[in-house]
Amino acid sequence: MLAAVVNTLARRIAGRLVLVLFLAALTGCTSLDTRTMPYVGVPRYAASDPAKVELLRTPPTRDHDRLGEVTVDASVDPAPPMEKIEAALKQEAARLGADAVVIVHDGIHPVAYYAWGPWWSPSVSSIPGRVVVGIAVKYKSP
């Protein structure tokens with residue numbers, strides 16, 4: 001009887017330790033993921049120089065083609081430096097041949113969920129993340 005109680009207690013402690021280590025690993029380092037969605041039916045261009053890609057908050061007044069969407073998912077605690085987020089946006093837009101990226105969304109949202117506790121009464125929490133979305137554009141004239 002005592003062995004069963006000790007065994008159950010050891011399992012609970014081990015489960016909580018795994019959860020704590022998992023959460024520490026999630027929050028212990030910054031993360032930055034990017035993805036690109038080229039639009040269908042738009043011209044394809046050779047890759048451009050990321051250093052020359054502009055970051056804009058409003059659509060450009062010059063004639064341009066919208067090439068696709070660039071999304072950056074970043075951790076918030078700790079957050080990567082803003083320079084890394086901007087560099088990731090420019091790098092992905094440059095792969096599409098863009099001259100600029102128009103930021104259309106920049107916010108913090110739940111990006112994952114985790115649950116712990118017994119199956120009959122679990123606790124669920126979210127993991128926040130920063131999501132930045134930009135539209136890659138190519139100017140029609142230099």
# chains A, B, ... in the order shown; residues from 1 in each chain; ligands from 1
call {"tool": "residues_around", "arguments": {"residues": "segment 106-121 of chain A", "least_positions_apart": "4", "cutoff": "7 Å", "atoms": "only C-alpha atoms", "output": "PyMOL selection string"}}
result
chain A and resi 125-133
call {"tool": "write_last_selection", "arguments": {"atoms": "C-alpha atoms", "output": "PDB file, in the first residue's frame"}}
result
ATOM      1  CA  SER A 125      -2.978  27.800 -20.974  1.00  0.00           C
ATOM      2  CA  SER A 126      -1.873  29.558 -24.111  1.00  0.00           C
ATOM      3  CA  ILE A 127       1.593  30.515 -25.305  1.00  0.00           C
ATOM      4  CA  PRO A 128       1.654  34.002 -26.822  1.00  0.00           C
ATOM      5  CA  GLY A 129       3.660  34.844 -29.899  1.00  0.00           C
ATOM      6  CA  ARG A 130       4.233  37.878 -32.073  1.00  0.00           C
ATOM      7  CA  VAL A 131       2.928  37.616 -35.630  1.00  0.00           C
ATOM      8  CA  VAL A 132       4.077  40.106 -38.262  1.00  0.00           C
ATOM      9  CA  VAL A 133       2.600  39.935 -41.773  1.00  0.00           C
TER      10      VAL A 133
END
call {"tool": "residues_around", "arguments": {"residues": "Ala74 of chain A", "least_positions_apart": "2", "cutoff": "9 Å", "atoms": "only C-alpha atoms", "output": "PyMOL selection string"}}
result
chain A and resi 30-34+72+76+79-80+85+129-132
call {"tool": "write_last_selection", "arguments": {"atoms": "N, CA and C atoms", "output": "PDB file, in the first residue's frame"}}
result
ATOM      1  N   THR A  30      14.898  32.727 -27.583  1.00  0.00           N
ATOM      2  CA  THR A  30      14.019  33.380 -28.545  1.00  0.00           C
ATOM      3  C   THR A  30      13.836  32.475 -29.748  1.00  0.00           C
ATOM      4  N   SER A  31      12.709  32.643 -30.414  1.00  0.00           N
ATOM      5  CA  SER A  31      12.486  31.886 -31.641  1.00  0.00           C
ATOM      6  C   SER A  31      11.959  32.828 -32.705  1.00  0.00           C
ATOM      7  N   LEU A  32      12.242  32.475 -33.944  1.00  0.00           N
ATOM      8  CA  LEU A  32      11.839  33.280 -35.079  1.00  0.00           C
ATOM      9  C   LEU A  32      11.632  32.338 -36.253  1.00  0.00           C
ATOM     10  N   ASP A  33      10.396  32.252 -36.731  1.00  0.00           N
ATOM     11  CA  ASP A  33      10.066  31.405 -37.870  1.00  0.00           C
ATOM     12  C   ASP A  33       9.458  32.270 -38.960  1.00  0.00           C
ATOM     13  N   THR A  34       9.771  31.937 -40.205  1.00  0.00           N
ATOM     14  CA  THR A  34       9.220  32.697 -41.322  1.00  0.00           C
ATOM     15  C   THR A  34       8.548  31.754 -42.310  1.00  0.00           C
ATOM     16  N   VAL A  72       6.191  36.432 -40.237  1.00  0.00           N
ATOM     17  CA  VAL A  72       7.223  36.132 -39.240  1.00  0.00           C
ATOM     18  C   VAL A  72       6.517  35.837 -37.921  1.00  0.00           C
ATOM     19  N   VAL A  76       7.726  36.014 -27.616  1.00  0.00           N
ATOM     20  CA  VAL A  76       7.559  37.314 -26.948  1.00  0.00           C
ATOM     21  C   VAL A  76       8.283  37.390 -25.612  1.00  0.00           C
ATOM     22  N   ALA A  79      11.774  38.168 -26.276  1.00  0.00           N
ATOM     23  CA  ALA A  79      11.545  38.557 -27.661  1.00  0.00           C
ATOM     24  C   ALA A  79      12.883  38.734 -28.383  1.00  0.00           C
ATOM     25  N   PRO A  80      12.931  38.340 -29.652  1.00  0.00           N
ATOM     26  CA  PRO A  80      14.168  38.595 -30.404  1.00  0.00           C
ATOM     27  C   PRO A  80      14.294  40.100 -30.674  1.00  0.00           C
ATOM     28  N   ILE A  85      13.742  40.620 -36.570  1.00  0.00           N
ATOM     29  CA  ILE A  85      12.421  40.508 -37.195  1.00  0.00           C
ATOM     30  C   ILE A  85      12.424  41.238 -38.532  1.00  0.00           C
ATOM     31  N   GLY A 129       2.601  34.633 -28.923  1.00  0.00           N
ATOM     32  CA  GLY A 129       3.660  34.844 -29.899  1.00  0.00           C
ATOM     33  C   GLY A 129       3.370  36.093 -30.712  1.00  0.00           C
ATOM     34  N   ARG A 130       4.396  36.689 -31.235  1.00  0.00           N
ATOM     35  CA  ARG A 130       4.233  37.878 -32.073  1.00  0.00           C
ATOM     36  C   ARG A 130       4.131  37.431 -33.522  1.00  0.00           C
ATOM     37  N   VAL A 131       3.143  37.942 -34.227  1.00  0.00           N
ATOM     38  CA  VAL A 131       2.928  37.616 -35.630  1.00  0.00           C
ATOM     39  C   VAL A 131       2.997  38.910 -36.429  1.00  0.00           C
ATOM     40  N   VAL A 132       3.919  38.950 -37.391  1.00  0.00           N
ATOM     41  CA  VAL A 132       4.077  40.106 -38.262  1.00  0.00           C
ATOM     42  C   VAL A 132       3.843  39.639 -39.693  1.00  0.00           C
TER      43      VAL A 132
END
call {"tool": "residues_around", "arguments": {"residues": "Asp63 of chain A", "least_positions_apart": "3", "cutoff": "8 Å", "atoms": "only C-alpha atoms", "output": "VMD selection string"}}
result
chain A and resid 60 139 to 141
call {"tool": "select_by_dssp", "arguments": {"residues": "segment 31-90 of chain A", "states": "strand (DSSP E or B)", "output": "mmCIF file with N, CA and C atoms, in the first residue's frame"}}
result
data_model
loop_
_atom_site.group_PDB
_atom_site.id
_atom_site.type_symbol
_atom_site.label_atom_id
_atom_site.label_comp_id
_atom_site.auth_asym_id
_atom_site.auth_seq_id
_atom_site.Cartn_x
_atom_site.Cartn_y
_atom_site.Cartn_z
ATOM 1 N N LEU A 32 12.242 32.475 -33.944
ATOM 2 C CA LEU A 32 11.839 33.280 -35.079
ATOM 3 C C LEU A 32 11.632 32.338 -36.253
ATOM 4 N N ASP A 33 10.396 32.252 -36.731
ATOM 5 C CA ASP A 33 10.066 31.405 -37.870
ATOM 6 C C ASP A 33 9.458 32.270 -38.960
ATOM 7 N N THR A 34 9.771 31.937 -40.205
ATOM 8 C CA THR A 34 9.220 32.697 -41.322
ATOM 9 C C THR A 34 8.548 31.754 -42.310
ATOM 10 N N ARG A 35 7.571 32.298 -43.019
ATOM 11 C CA ARG A 35 6.958 31.560 -44.118
ATOM 12 C C ARG A 35 6.506 32.564 -45.169
ATOM 13 N N THR A 36 6.494 32.113 -46.397
ATOM 14 C CA THR A 36 6.149 32.968 -47.520
ATOM 15 C C THR A 36 5.048 32.304 -48.324
ATOM 16 N N MET A 37 4.091 33.114 -48.782
ATOM 17 C CA MET A 37 3.029 32.601 -49.641
ATOM 18 C C MET A 37 2.980 33.452 -50.908
ATOM 19 N N PRO A 38 3.659 33.007 -51.975
ATOM 20 C CA PRO A 38 3.591 33.761 -53.230
ATOM 21 C C PRO A 38 2.166 33.724 -53.780
ATOM 22 N N GLU A 54 12.837 47.779 -48.787
ATOM 23 C CA GLU A 54 12.311 48.782 -47.867
ATOM 24 C C GLU A 54 11.218 48.172 -46.984
ATOM 25 N N LEU A 55 11.110 48.655 -45.744
ATOM 26 C CA LEU A 55 9.995 48.299 -44.865
ATOM 27 C C LEU A 55 9.054 49.494 -44.803
ATOM 28 N N LEU A 56 7.795 49.262 -45.169
ATOM 29 C CA LEU A 56 6.808 50.342 -45.226
ATOM 30 C C LEU A 56 5.626 50.019 -44.329
ATOM 31 N N HIS A 64 3.049 49.325 -58.516
ATOM 32 C CA HIS A 64 3.746 48.129 -58.036
ATOM 33 C C HIS A 64 2.889 46.885 -58.251
ATOM 34 N N ASP A 65 3.549 45.734 -58.212
ATOM 35 C CA ASP A 65 2.884 44.435 -58.219
ATOM 36 C C ASP A 65 2.979 43.855 -56.822
ATOM 37 N N ARG A 66 1.884 43.268 -56.361
ATOM 38 C CA ARG A 66 1.898 42.562 -55.072
ATOM 39 C C ARG A 66 2.339 41.126 -55.358
ATOM 40 N N LEU A 67 3.455 40.719 -54.765
ATOM 41 C CA LEU A 67 4.047 39.416 -55.065
ATOM 42 C C LEU A 67 3.571 38.298 -54.147
ATOM 43 N N GLY A 68 3.294 38.611 -52.895
ATOM 44 C CA GLY A 68 2.891 37.579 -51.945
ATOM 45 C C GLY A 68 3.004 38.073 -50.516
ATOM 46 N N GLU A 69 2.680 37.173 -49.596
ATOM 47 C CA GLU A 69 2.711 37.502 -48.168
ATOM 48 C C GLU A 69 3.927 36.887 -47.500
ATOM 49 N N VAL A 70 4.498 37.643 -46.591
ATOM 50 C CA VAL A 70 5.616 37.186 -45.771
ATOM 51 C C VAL A 70 5.153 37.250 -44.316
ATOM 52 N N THR A 71 5.273 36.133 -43.604
ATOM 53 C CA THR A 71 4.853 36.080 -42.204
ATOM 54 C C THR A 71 6.038 35.706 -41.327
ATOM 55 N N VAL A 72 6.191 36.432 -40.237
ATOM 56 C CA VAL A 72 7.223 36.132 -39.240
ATOM 57 C C VAL A 72 6.517 35.837 -37.921
ATOM 58 N N ASP A 73 6.812 34.670 -37.354
ATOM 59 C CA ASP A 73 6.326 34.298 -36.026
ATOM 60 C C ASP A 73 7.505 34.397 -35.071
ATOM 61 N N ALA A 74 7.347 35.179 -34.012
ATOM 62 C CA ALA A 74 8.446 35.386 -33.066
ATOM 63 C C ALA A 74 7.962 35.160 -31.642
ATOM 64 N N SER A 75 8.866 34.722 -30.804
ATOM 65 C CA SER A 75 8.543 34.574 -29.385
ATOM 66 C C SER A 75 8.393 35.963 -28.770
#
call {"tool": "residues_around", "arguments": {"residues": "segment 40-47 of chain A", "least_positions_apart": "4", "cutoff": "7 Å", "atoms": "only C-alpha atoms", "output": "VMD selection string"}}
result
chain A and resid 67 94 to 97
call {"tool": "closest_residue", "arguments": {"among": "A:Lys52, A:Val137, A:Pro81, A:Arg57", "to": "Tyr39 of chain A", "atoms": "only C-alpha atoms"}}
result
A:Val137
call {"tool": "decode", "arguments": {"residues": "segment 43-69 of chain A", "atoms": "N, CA and C atoms", "output": "short mmCIF file (atom, residue, chain, number, x, y, z; two decimals), in the first residue's frame"}}
result
data_model
loop_
_atom_site.label_atom_id
_atom_site.label_comp_id
_atom_site.auth_asym_id
_atom_site.auth_seq_id
_atom_site.Cartn_x
_atom_site.Cartn_y
_atom_site.Cartn_z
N PRO A 43 3.65 38.01 -61.74
CA PRO A 43 4.96 37.74 -62.35
C PRO A 43 5.97 37.23 -61.32
N ARG A 44 6.86 36.40 -61.76
CA ARG A 44 7.95 35.90 -60.91
C ARG A 44 9.21 36.68 -61.25
N TYR A 45 9.93 37.10 -60.23
CA TYR A 45 11.13 37.89 -60.41
C TYR A 45 12.32 37.17 -59.78
N ALA A 46 13.51 37.54 -60.27
CA ALA A 46 14.73 37.02 -59.66
C ALA A 46 14.85 37.60 -58.25
N ALA A 47 15.54 36.87 -57.39
CA ALA A 47 15.73 37.34 -56.01
C ALA A 47 16.43 38.70 -56.01
N SER A 48 16.04 39.52 -55.06
CA SER A 48 16.66 40.84 -54.93
C SER A 48 17.58 40.87 -53.71
N ASP A 49 18.26 41.99 -53.52
CA ASP A 49 19.19 42.15 -52.40
C ASP A 49 18.40 42.53 -51.15
N PRO A 50 18.44 41.70 -50.08
CA PRO A 50 17.69 42.02 -48.86
C PRO A 50 18.04 43.38 -48.26
N ALA A 51 19.27 43.83 -48.43
CA ALA A 51 19.69 45.12 -47.87
C ALA A 51 18.98 46.29 -48.55
N LYS A 52 18.47 46.08 -49.76
CA LYS A 52 17.81 47.16 -50.50
C LYS A 52 16.28 47.10 -50.37
N VAL A 53 15.75 46.09 -49.69
CA VAL A 53 14.30 45.97 -49.51
C VAL A 53 13.85 46.97 -48.45
N GLU A 54 12.84 47.78 -48.79
CA GLU A 54 12.31 48.78 -47.87
C GLU A 54 11.22 48.17 -46.98
N LEU A 55 11.11 48.66 -45.74
CA LEU A 55 10.00 48.30 -44.86
C LEU A 55 9.05 49.49 -44.80
N LEU A 56 7.79 49.26 -45.17
CA LEU A 56 6.81 50.34 -45.23
C LEU A 56 5.63 50.02 -44.33
N ARG A 57 5.00 51.05 -43.79
CA ARG A 57 3.78 50.90 -42.98
C ARG A 57 2.52 51.22 -43.78
N THR A 58 2.68 51.91 -44.90
CA THR A 58 1.55 52.23 -45.78
C THR A 58 1.91 51.79 -47.19
N PRO A 59 0.92 51.49 -48.00
CA PRO A 59 1.21 51.08 -49.38
C PRO A 59 1.97 52.17 -50.13
N PRO A 60 2.89 51.77 -51.00
CA PRO A 60 3.65 52.77 -51.75
C PRO A 60 2.75 53.51 -52.75
N THR A 61 3.11 54.74 -53.05
CA THR A 61 2.34 55.51 -54.02
C THR A 61 2.76 55.17 -55.45
N ARG A 62 3.92 54.59 -55.61
CA ARG A 62 4.41 54.19 -56.94
C ARG A 62 3.65 52.97 -57.41
N ASP A 63 3.55 52.81 -58.74
CA ASP A 63 2.93 51.60 -59.29
C ASP A 63 3.75 50.39 -58.89
N HIS A 64 3.05 49.33 -58.52
CA HIS A 64 3.75 48.13 -58.04
C HIS A 64 2.89 46.88 -58.25
N ASP A 65 3.55 45.73 -58.21
CA ASP A 65 2.88 44.44 -58.22
C ASP A 65 2.98 43.86 -56.82
N ARG A 66 1.88 43.27 -56.36
CA ARG A 66 1.90 42.56 -55.07
C ARG A 66 2.34 41.13 -55.36
N LEU A 67 3.46 40.72 -54.76
CA LEU A 67 4.05 39.42 -55.06
C LEU A 67 3.57 38.30 -54.15
N GLY A 68 3.29 38.61 -52.90
CA GLY A 68 2.89 37.58 -51.95
C GLY A 68 3.00 38.07 -50.52
N GLU A 69 2.68 37.17 -49.60
CA GLU A 69 2.71 37.50 -48.17
C GLU A 69 3.93 36.89 -47.50
#
